[in-house]
$ cat upload-v8.cif   # mmCIF, C-alpha atoms; chains and numbers go by the auth columns
data_protein
loop_
_atom_site.group_PDB
_atom_site.id
_atom_site.type_symbol
_atom_site.label_atom_id
_atom_site.label_comp_id
_atom_site.label_asym_id
_atom_site.label_seq_id
_atom_site.Cartn_x
_atom_site.Cartn_y
_atom_site.Cartn_z
_atom_site.B_iso_or_equiv
_atom_site.auth_seq_id
_atom_site.auth_asym_id
ATOM 1 C CA MET A 1 -194.697 43.517 69.755 0.00 167 H
ATOM 2 C CA SER A 2 -196.052 46.141 67.356 0.00 168 H
ATOM 3 C CA VAL A 3 -197.690 45.122 64.109 0.00 169 H
ATOM 4 C CA SER A 4 -194.893 46.592 61.988 0.00 170 H
ATOM 5 C CA ARG A 5 -192.265 44.640 63.947 0.00 171 H
ATOM 6 C CA ASP A 6 -194.362 41.498 63.643 0.00 172 H
ATOM 7 C CA ILE A 7 -194.600 42.000 59.874 0.00 173 H
ATOM 8 C CA VAL A 8 -190.816 42.231 59.573 0.00 174 H
ATOM 9 C CA ALA A 9 -190.359 39.251 61.897 0.00 175 H
ATOM 10 C CA SER A 10 -192.846 37.221 59.850 0.00 176 H
ATOM 11 C CA TRP A 11 -190.525 37.316 56.867 0.00 177 H
ATOM 12 C CA ARG A 12 -187.942 35.398 58.911 0.00 178 H
ATOM 13 C CA ARG A 13 -190.081 33.283 61.226 0.00 179 H
ATOM 14 C CA PRO A 14 -193.782 33.379 60.308 0.00 180 H
ATOM 15 C CA ARG A 15 -194.745 30.360 62.391 0.00 181 H
ATOM 16 C CA GLN A 16 -193.408 31.823 65.633 0.00 182 H
ATOM 17 C CA VAL A 17 -195.129 35.155 65.058 0.00 183 H
ATOM 18 C CA LEU A 18 -198.460 33.476 64.330 0.00 184 H
ATOM 19 C CA ARG A 19 -198.073 31.215 67.378 0.00 185 H
ATOM 20 C CA SER A 20 -197.508 34.303 69.520 0.00 186 H
ATOM 21 C CA MET A 21 -200.719 35.832 68.175 0.00 187 H
ATOM 22 C CA LEU A 22 -202.671 32.641 68.776 0.00 188 H
ATOM 23 C CA ASN A 23 -201.340 32.447 72.332 0.00 189 H
ATOM 24 C CA HIS A 24 -202.979 35.803 73.057 0.00 190 H
ATOM 25 C CA GLY A 25 -206.366 34.131 72.661 0.00 191 H
ATOM 26 C CA ARG A 26 -209.173 34.500 70.194 0.00 192 H
ATOM 27 C CA ARG A 27 -209.237 38.100 68.953 0.00 193 H
ATOM 28 C CA GLU A 28 -211.763 38.531 66.152 0.00 194 H
ATOM 29 C CA ASP A 29 -211.182 42.286 66.258 0.00 195 H
ATOM 30 C CA ARG A 30 -207.533 41.705 65.373 0.00 196 H
ATOM 31 C CA ALA A 31 -208.400 39.307 62.542 0.00 197 H
ATOM 32 C CA ILE A 32 -210.914 41.698 60.949 0.00 198 H
ATOM 33 C CA ALA A 33 -208.472 44.590 61.315 0.00 199 H
ATOM 34 C CA PHE A 34 -205.755 42.575 59.570 0.00 200 H
ATOM 35 C CA VAL A 35 -207.972 41.649 56.633 0.00 201 H
ATOM 36 C CA MET A 36 -209.401 45.156 56.224 0.00 202 H
ATOM 37 C CA ILE A 37 -205.984 46.842 56.369 0.00 203 H
ATOM 38 C CA ALA A 38 -204.554 44.288 53.941 0.00 204 H
ATOM 39 C CA CYS A 39 -207.450 44.766 51.521 0.00 205 H
ATOM 40 C CA PHE A 40 -207.055 48.548 51.721 0.00 206 H
ATOM 41 C CA LEU A 41 -203.331 48.276 50.984 0.00 207 H
ATOM 42 C CA LEU A 42 -204.070 45.990 48.040 0.00 208 H
ATOM 43 C CA PHE A 43 -206.555 48.603 46.809 0.00 209 H
ATOM 44 C CA VAL A 44 -203.926 51.343 47.119 0.00 210 H
ATOM 45 C CA GLY A 45 -201.511 49.114 45.229 0.00 211 H
ATOM 46 C CA GLN A 46 -203.918 49.084 42.286 0.00 212 H
ATOM 47 C CA TRP A 47 -203.934 52.874 41.857 0.00 213 H
ATOM 48 C CA PRO A 48 -200.916 53.153 39.520 0.00 214 H
ATOM 49 C CA LYS A 49 -202.219 50.363 37.297 0.00 215 H
ATOM 50 C CA LEU A 50 -205.712 51.850 37.208 0.00 216 H
ATOM 51 C CA SER A 51 -204.282 55.273 36.396 0.00 217 H
ATOM 52 C CA ARG A 52 -202.297 53.799 33.520 0.00 218 H
ATOM 53 C CA GLU A 53 -205.359 51.971 32.208 0.00 219 H
ATOM 54 C CA ALA A 54 -207.475 55.131 32.420 0.00 220 H
ATOM 55 C CA PHE A 55 -204.815 57.064 30.505 0.00 221 H
ATOM 56 C CA LEU A 56 -204.595 54.408 27.793 0.00 222 H
ATOM 57 C CA ASP A 57 -208.381 53.933 27.554 0.00 223 H
ATOM 58 C CA PRO A 58 -210.188 57.148 28.572 0.00 224 H
ATOM 59 C CA SER A 59 -213.627 55.669 27.828 0.00 225 H
ATOM 60 C CA VAL A 60 -213.758 54.566 31.479 0.00 226 H
ATOM 61 C CA PRO A 61 -212.636 57.407 33.777 0.00 227 H
ATOM 62 C CA LEU A 62 -210.194 56.851 36.620 0.00 228 H
ATOM 63 C CA GLN A 63 -212.846 57.643 39.245 0.00 229 H
ATOM 64 C CA ALA A 64 -215.079 54.829 37.950 0.00 230 H
ATOM 65 C CA ARG A 65 -212.170 52.400 37.959 0.00 231 H
ATOM 66 C CA LEU A 66 -211.241 53.412 41.502 0.00 232 H
ATOM 67 C CA ALA A 67 -214.839 53.103 42.715 0.00 233 H
ATOM 68 C CA ILE A 68 -215.384 49.589 41.406 0.00 234 H
ATOM 69 C CA THR A 69 -211.971 48.474 42.627 0.00 235 H
ATOM 70 C CA PHE A 70 -212.635 49.969 46.066 0.00 236 H
ATOM 71 C CA PHE A 71 -215.958 48.157 46.301 0.00 237 H
ATOM 72 C CA SER A 72 -214.500 44.847 45.196 0.00 238 H
ATOM 73 C CA MET A 73 -211.434 45.096 47.447 0.00 239 H
ATOM 74 C CA MET A 74 -213.169 46.401 50.575 0.00 240 H
ATOM 75 C CA MET A 75 -216.548 44.652 50.397 0.00 241 H
ATOM 76 C CA VAL A 76 -216.275 41.532 48.262 0.00 242 H
ATOM 77 C CA MET A 77 -212.697 40.405 48.859 0.00 243 H
ATOM 78 C CA PRO A 78 -212.925 40.191 52.694 0.00 244 H
ATOM 79 C CA LEU A 79 -216.001 37.980 52.367 0.00 245 H
ATOM 80 C CA MET A 80 -214.240 35.782 49.829 0.00 246 H
ATOM 81 C CA LEU A 81 -211.223 35.547 52.123 0.00 247 H
ATOM 82 C CA TYR A 82 -213.431 34.391 55.013 0.00 248 H
ATOM 83 C CA VAL A 83 -214.819 31.629 52.793 0.00 249 H
ATOM 84 C CA PHE A 84 -211.369 30.716 51.507 0.00 250 H
ATOM 85 C CA ALA A 85 -209.971 30.520 55.043 0.00 251 H
ATOM 86 C CA GLY A 86 -212.825 28.203 56.021 0.00 252 H
ATOM 87 C CA ILE A 87 -212.145 25.972 53.044 0.00 253 H
ATOM 88 C CA SER A 88 -208.429 25.889 53.853 0.00 254 H
ATOM 89 C CA HIS A 89 -209.262 24.802 57.406 0.00 255 H
ATOM 90 C CA LEU A 90 -211.527 22.007 56.146 0.00 256 H
ATOM 91 C CA VAL A 91 -208.814 20.821 53.752 0.00 257 H
ATOM 92 C CA ALA A 92 -206.284 20.906 56.589 0.00 258 H
ATOM 93 C CA LYS A 93 -208.641 18.744 58.661 0.00 259 H
ATOM 94 C CA LEU A 94 -208.336 16.089 55.949 0.00 260 H
ATOM 95 C CA PHE A 95 -204.609 16.064 56.707 0.00 261 H
ATOM 96 C CA ARG A 96 -205.190 15.830 60.477 0.00 262 H
ATOM 97 C CA GLY A 97 -205.216 19.554 61.142 0.00 263 H
ATOM 98 C CA ARG A 98 -206.199 20.322 64.727 0.00 264 H
ATOM 99 C CA GLY A 99 -206.662 24.070 64.482 0.00 265 H
ATOM 100 C CA THR A 100 -209.855 26.065 64.410 0.00 266 H
ATOM 101 C CA PHE A 101 -211.630 28.190 61.845 0.00 267 H
ATOM 102 C CA TYR A 102 -210.298 31.219 63.704 0.00 268 H
ATOM 103 C CA SER A 103 -206.677 30.077 63.517 0.00 269 H
ATOM 104 C CA ALA A 104 -207.036 29.402 59.771 0.00 270 H
ATOM 105 C CA ARG A 105 -208.574 32.876 59.297 0.00 271 H
ATOM 106 C CA LEU A 106 -205.799 34.528 61.251 0.00 272 H
ATOM 107 C CA ALA A 107 -203.148 32.651 59.244 0.00 273 H
ATOM 108 C CA LEU A 108 -204.624 33.802 55.925 0.00 274 H
ATOM 109 C CA PHE A 109 -205.351 37.380 56.963 0.00 275 H
ATOM 110 C CA TRP A 110 -201.957 37.830 58.611 0.00 276 H
ATOM 111 C CA SER A 111 -200.148 36.411 55.580 0.00 277 H
ATOM 112 C CA LEU A 112 -201.976 38.834 53.323 0.00 278 H
ATOM 113 C CA LEU A 113 -201.007 41.754 55.547 0.00 279 H
ATOM 114 C CA VAL A 114 -197.374 40.601 55.758 0.00 280 H
ATOM 115 C CA THR A 115 -197.080 40.423 51.965 0.00 281 H
ATOM 116 C CA ALA A 116 -198.967 43.674 51.323 0.00 282 H
ATOM 117 C CA PRO A 117 -195.694 45.561 50.636 0.00 283 H
ATOM 118 C CA LEU A 118 -195.004 43.141 47.789 0.00 284 H
ATOM 119 C CA PHE A 119 -198.500 43.747 46.432 0.00 285 H
ATOM 120 C CA LEU A 120 -197.800 47.496 46.565 0.00 286 H
ATOM 121 C CA LEU A 121 -194.559 46.978 44.648 0.00 287 H
ATOM 122 C CA ASN A 122 -196.356 44.816 42.116 0.00 288 H
ATOM 123 C CA GLY A 123 -198.909 47.577 41.566 0.00 289 H
ATOM 124 C CA LEU A 124 -196.157 50.159 41.074 0.00 290 H
ATOM 125 C CA VAL A 125 -194.407 48.007 38.505 0.00 291 H
ATOM 126 C CA ALA A 126 -197.674 47.334 36.657 0.00 292 H
ATOM 127 C CA GLY A 127 -198.521 51.041 36.711 0.00 293 H
ATOM 128 C CA PHE A 128 -195.182 52.537 35.727 0.00 294 H
ATOM 129 C CA ILE A 129 -193.718 49.859 33.472 0.00 295 H
ATOM 130 C CA GLY A 130 -196.856 48.136 32.244 0.00 296 H
ATOM 131 C CA GLN A 131 -197.276 44.539 31.157 0.00 297 H
ATOM 132 C CA GLY A 132 -194.069 42.693 30.412 0.00 298 H
ATOM 133 C CA PRO A 133 -191.332 40.584 31.959 0.00 299 H
ATOM 134 C CA ALA A 134 -190.781 42.948 34.912 0.00 300 H
ATOM 135 C CA SER A 135 -194.464 42.917 35.809 0.00 301 H
ATOM 136 C CA ASP A 136 -194.650 39.145 35.417 0.00 302 H
ATOM 137 C CA ALA A 137 -191.549 38.595 37.560 0.00 303 H
ATOM 138 C CA THR A 138 -192.805 40.923 40.289 0.00 304 H
ATOM 139 C CA GLY A 139 -196.175 39.200 40.257 0.00 305 H
ATOM 140 C CA LEU A 140 -194.536 35.797 40.531 0.00 306 H
ATOM 141 C CA VAL A 141 -192.346 36.884 43.451 0.00 307 H
ATOM 142 C CA THR A 142 -195.404 38.382 45.158 0.00 308 H
ATOM 143 C CA LEU A 143 -197.426 35.213 44.697 0.00 309 H
ATOM 144 C CA LEU A 144 -194.602 32.963 45.881 0.00 310 H
ATOM 145 C CA GLY A 145 -193.932 35.177 48.903 0.00 311 H
ATOM 146 C CA PHE A 146 -197.578 35.081 49.876 0.00 312 H
ATOM 147 C CA LEU A 147 -197.890 31.322 49.398 0.00 313 H
ATOM 148 C CA VAL A 148 -194.744 30.515 51.393 0.00 314 H
ATOM 149 C CA ILE A 149 -195.760 32.704 54.333 0.00 315 H
ATOM 150 C CA TRP A 150 -199.385 31.595 54.232 0.00 316 H
ATOM 151 C CA LEU A 151 -198.527 27.887 54.132 0.00 317 H
ATOM 152 C CA ALA A 152 -196.060 28.291 57.001 0.00 318 H
ATOM 153 C CA CYS A 153 -198.702 30.143 59.026 0.00 319 H
ATOM 154 C CA LEU A 154 -201.414 27.627 58.119 0.00 320 H
ATOM 155 C CA ILE A 155 -199.215 24.736 59.224 0.00 321 H
ATOM 156 C CA GLU A 156 -198.679 26.465 62.559 0.00 322 H
ATOM 157 C CA ALA A 157 -202.382 27.320 62.857 0.00 323 H
ATOM 158 C CA GLU A 158 -203.367 23.700 62.276 0.00 324 H
ATOM 159 C CA ARG A 159 -200.751 22.146 64.575 0.00 325 H
ATOM 160 C CA ALA A 160 -202.723 22.789 67.735 0.00 326 H
ATOM 161 C CA PRO A 161 -205.691 24.878 68.831 0.00 327 H
ATOM 162 C CA GLU A 162 -205.016 28.399 69.988 0.00 328 H
ATOM 163 C CA ALA A 163 -204.715 29.163 73.663 0.00 329 H
ATOM 164 C CA VAL A 164 -207.901 28.846 75.646 0.00 330 H
ATOM 165 C CA THR A 165 -207.552 32.233 77.288 0.00 331 H
ATOM 166 C CA GLU A 166 -209.733 34.875 75.719 0.00 332 H
ATOM 167 C CA GLY A 167 -208.217 38.172 74.667 0.00 333 H
ATOM 168 C CA VAL A 168 -209.542 41.483 75.896 0.00 334 H
#

$ encode --input "upload-v8.cif" --output "structure tokens"
Amino acid sequence: MSVSRDIVASWRRPRQVLRSMLNHGRREDRAIAFVMIACFLLFVGQWPKLSREAFLDPSVPLQARLAITFFSMMMVMPLMLYVFAGISHLVAKLFRGRGTFYSARLALFWSLLVTAPLFLLNGLVAGFIGQGPASDATGLVTLLGFLVIWLACLIEAERAPEAVTEGV
């Protein structure tokens, strides 16, 4: 299935989609692509908010805001997500998780990519409406959507190790 179809399907049945990915074998190239695309989309989602902030406080130009956000989203955040995925796997092991570090990484990275449209919407609301109840509600829905999909994927990732066949 294509990635866009898998994203839509993950909103209805995230565990089955993740299981299908794990059954294709260990694909580090897929995992890194998911996290990098998700981080880029999260960066793009910040543009309206950064533009609004630059307009309201011109002491820091938009280009500087974009540069630091790009660096943090594309260089720092993927590394933090790798660490966070490892920690989530170790915590799952305490609850008898049988997955691998790879399956925990894939669950986190895929969940972030699946919920990226909500992060884009959240950025639009923050940029066009500003801080307030609408921004808070959108942020809460985004966070809850991410957590529900990630926990469902993590449960599936920790149920059993991925298939032993290696991907191409």

$ atom_distance --input "upload-v8.cif" --atom1 "atom CA of Trp177 of chain H" --atom2 "atom CA of Val280 of chain H"
7.7 Å

$ atom_distance --input "upload-v8.cif" --atom1 "atom CA of Phe275 of chain H" --atom2 "atom CA of Val257 of chain H"
17.2 Å

$ closest_residue --input "upload-v8.cif" --among "H:Leu310, H:Leu216, H:Ala318, H:Leu260" --to "Leu228 of chain H" --atoms "only C-alpha atoms"
H:Leu216

$ closest_residue --input "upload-v8.cif" --among "H:Leu306, H:Asn288, H:Pro180, H:Glu324" --to "Phe267 of chain H" --atoms "only C-alpha atoms"
H:Glu324

$ atom_distance --input "upload-v8.cif" --atom1 "atom CA of Gly289 of chain H" --atom2 "atom CA of Ala270 of chain H"
27.0 Å

$ residues_near_point --input "upload-v8.cif" --point "(-209.9, 51.1, 42.8)" --cutoff "7 Å" --atoms "only C-alpha atoms" --output "PDB file with C-alpha atoms, in the coordinates of the input"
ATOM      1  CA  PHE H 209    -206.555  48.603  46.809  1.00  0.00           C
ATOM      2  CA  GLN H 212    -203.918  49.084  42.286  1.00  0.00           C
ATOM      3  CA  TRP H 213    -203.934  52.874  41.857  1.00  0.00           C
ATOM      4  CA  ARG H 231    -212.170  52.400  37.959  1.00  0.00           C
ATOM      5  CA  LEU H 232    -211.241  53.412  41.502  1.00  0.00           C
ATOM      6  CA  ALA H 233    -214.839  53.103  42.715  1.00  0.00           C
ATOM      7  CA  ILE H 234    -215.384  49.589  41.406  1.00  0.00           C
ATOM      8  CA  THR H 235    -211.971  48.474  42.627  1.00  0.00           C
ATOM      9  CA  PHE H 236    -212.635  49.969  46.066  1.00  0.00           C
TER      10      PHE H 236
END

$ closest_residue --input "upload-v8.cif" --among "H:Gly305, H:Pro244, H:Gly191, H:Gly263" --to "Arg325 of chain H" --atoms "all atoms listed in the file"
H:Gly263

$ residues_near_point --input "upload-v8.cif" --point "(-196.6, 44.6, 60.5)" --cutoff "12 Å" --atoms "all atoms listed in the file" --output "short mmCIF file (atom, residue, chain, number, x, y, z; two decimals) with C-alpha atoms, in the coordinates of the input"
data_model
loop_
_atom_site.label_atom_id
_atom_site.label_comp_id
_atom_site.auth_asym_id
_atom_site.auth_seq_id
_atom_site.Cartn_x
_atom_site.Cartn_y
_atom_site.Cartn_z
CA MET H 167 -194.70 43.52 69.76
CA SER H 168 -196.05 46.14 67.36
CA VAL H 169 -197.69 45.12 64.11
CA SER H 170 -194.89 46.59 61.99
CA ARG H 171 -192.26 44.64 63.95
CA ASP H 172 -194.36 41.50 63.64
CA ILE H 173 -194.60 42.00 59.87
CA VAL H 174 -190.82 42.23 59.57
CA ALA H 175 -190.36 39.25 61.90
CA SER H 176 -192.85 37.22 59.85
CA TRP H 177 -190.52 37.32 56.87
CA PRO H 180 -193.78 33.38 60.31
CA VAL H 183 -195.13 35.16 65.06
CA LEU H 184 -198.46 33.48 64.33
CA ALA H 199 -208.47 44.59 61.32
CA PHE H 200 -205.76 42.58 59.57
CA ILE H 203 -205.98 46.84 56.37
CA ALA H 204 -204.55 44.29 53.94
CA PHE H 275 -205.35 37.38 56.96
CA TRP H 276 -201.96 37.83 58.61
CA SER H 277 -200.15 36.41 55.58
CA LEU H 278 -201.98 38.83 53.32
CA LEU H 279 -201.01 41.75 55.55
CA VAL H 280 -197.37 40.60 55.76
CA THR H 281 -197.08 40.42 51.96
CA ALA H 282 -198.97 43.67 51.32
CA PRO H 283 -195.69 45.56 50.64
#

$ closest_residue --input "upload-v8.cif" --among "H:Cys205, H:Pro299, H:Leu290, H:Leu309" --to "Met241 of chain H" --atoms "all atoms listed in the file"
H:Cys205

$ closest_residue --input "upload-v8.cif" --among "H:Leu274, H:Met239, H:Ala251, H:Gly296" --to "Leu207 of chain H" --atoms "all atoms listed in the file"
H:Met239
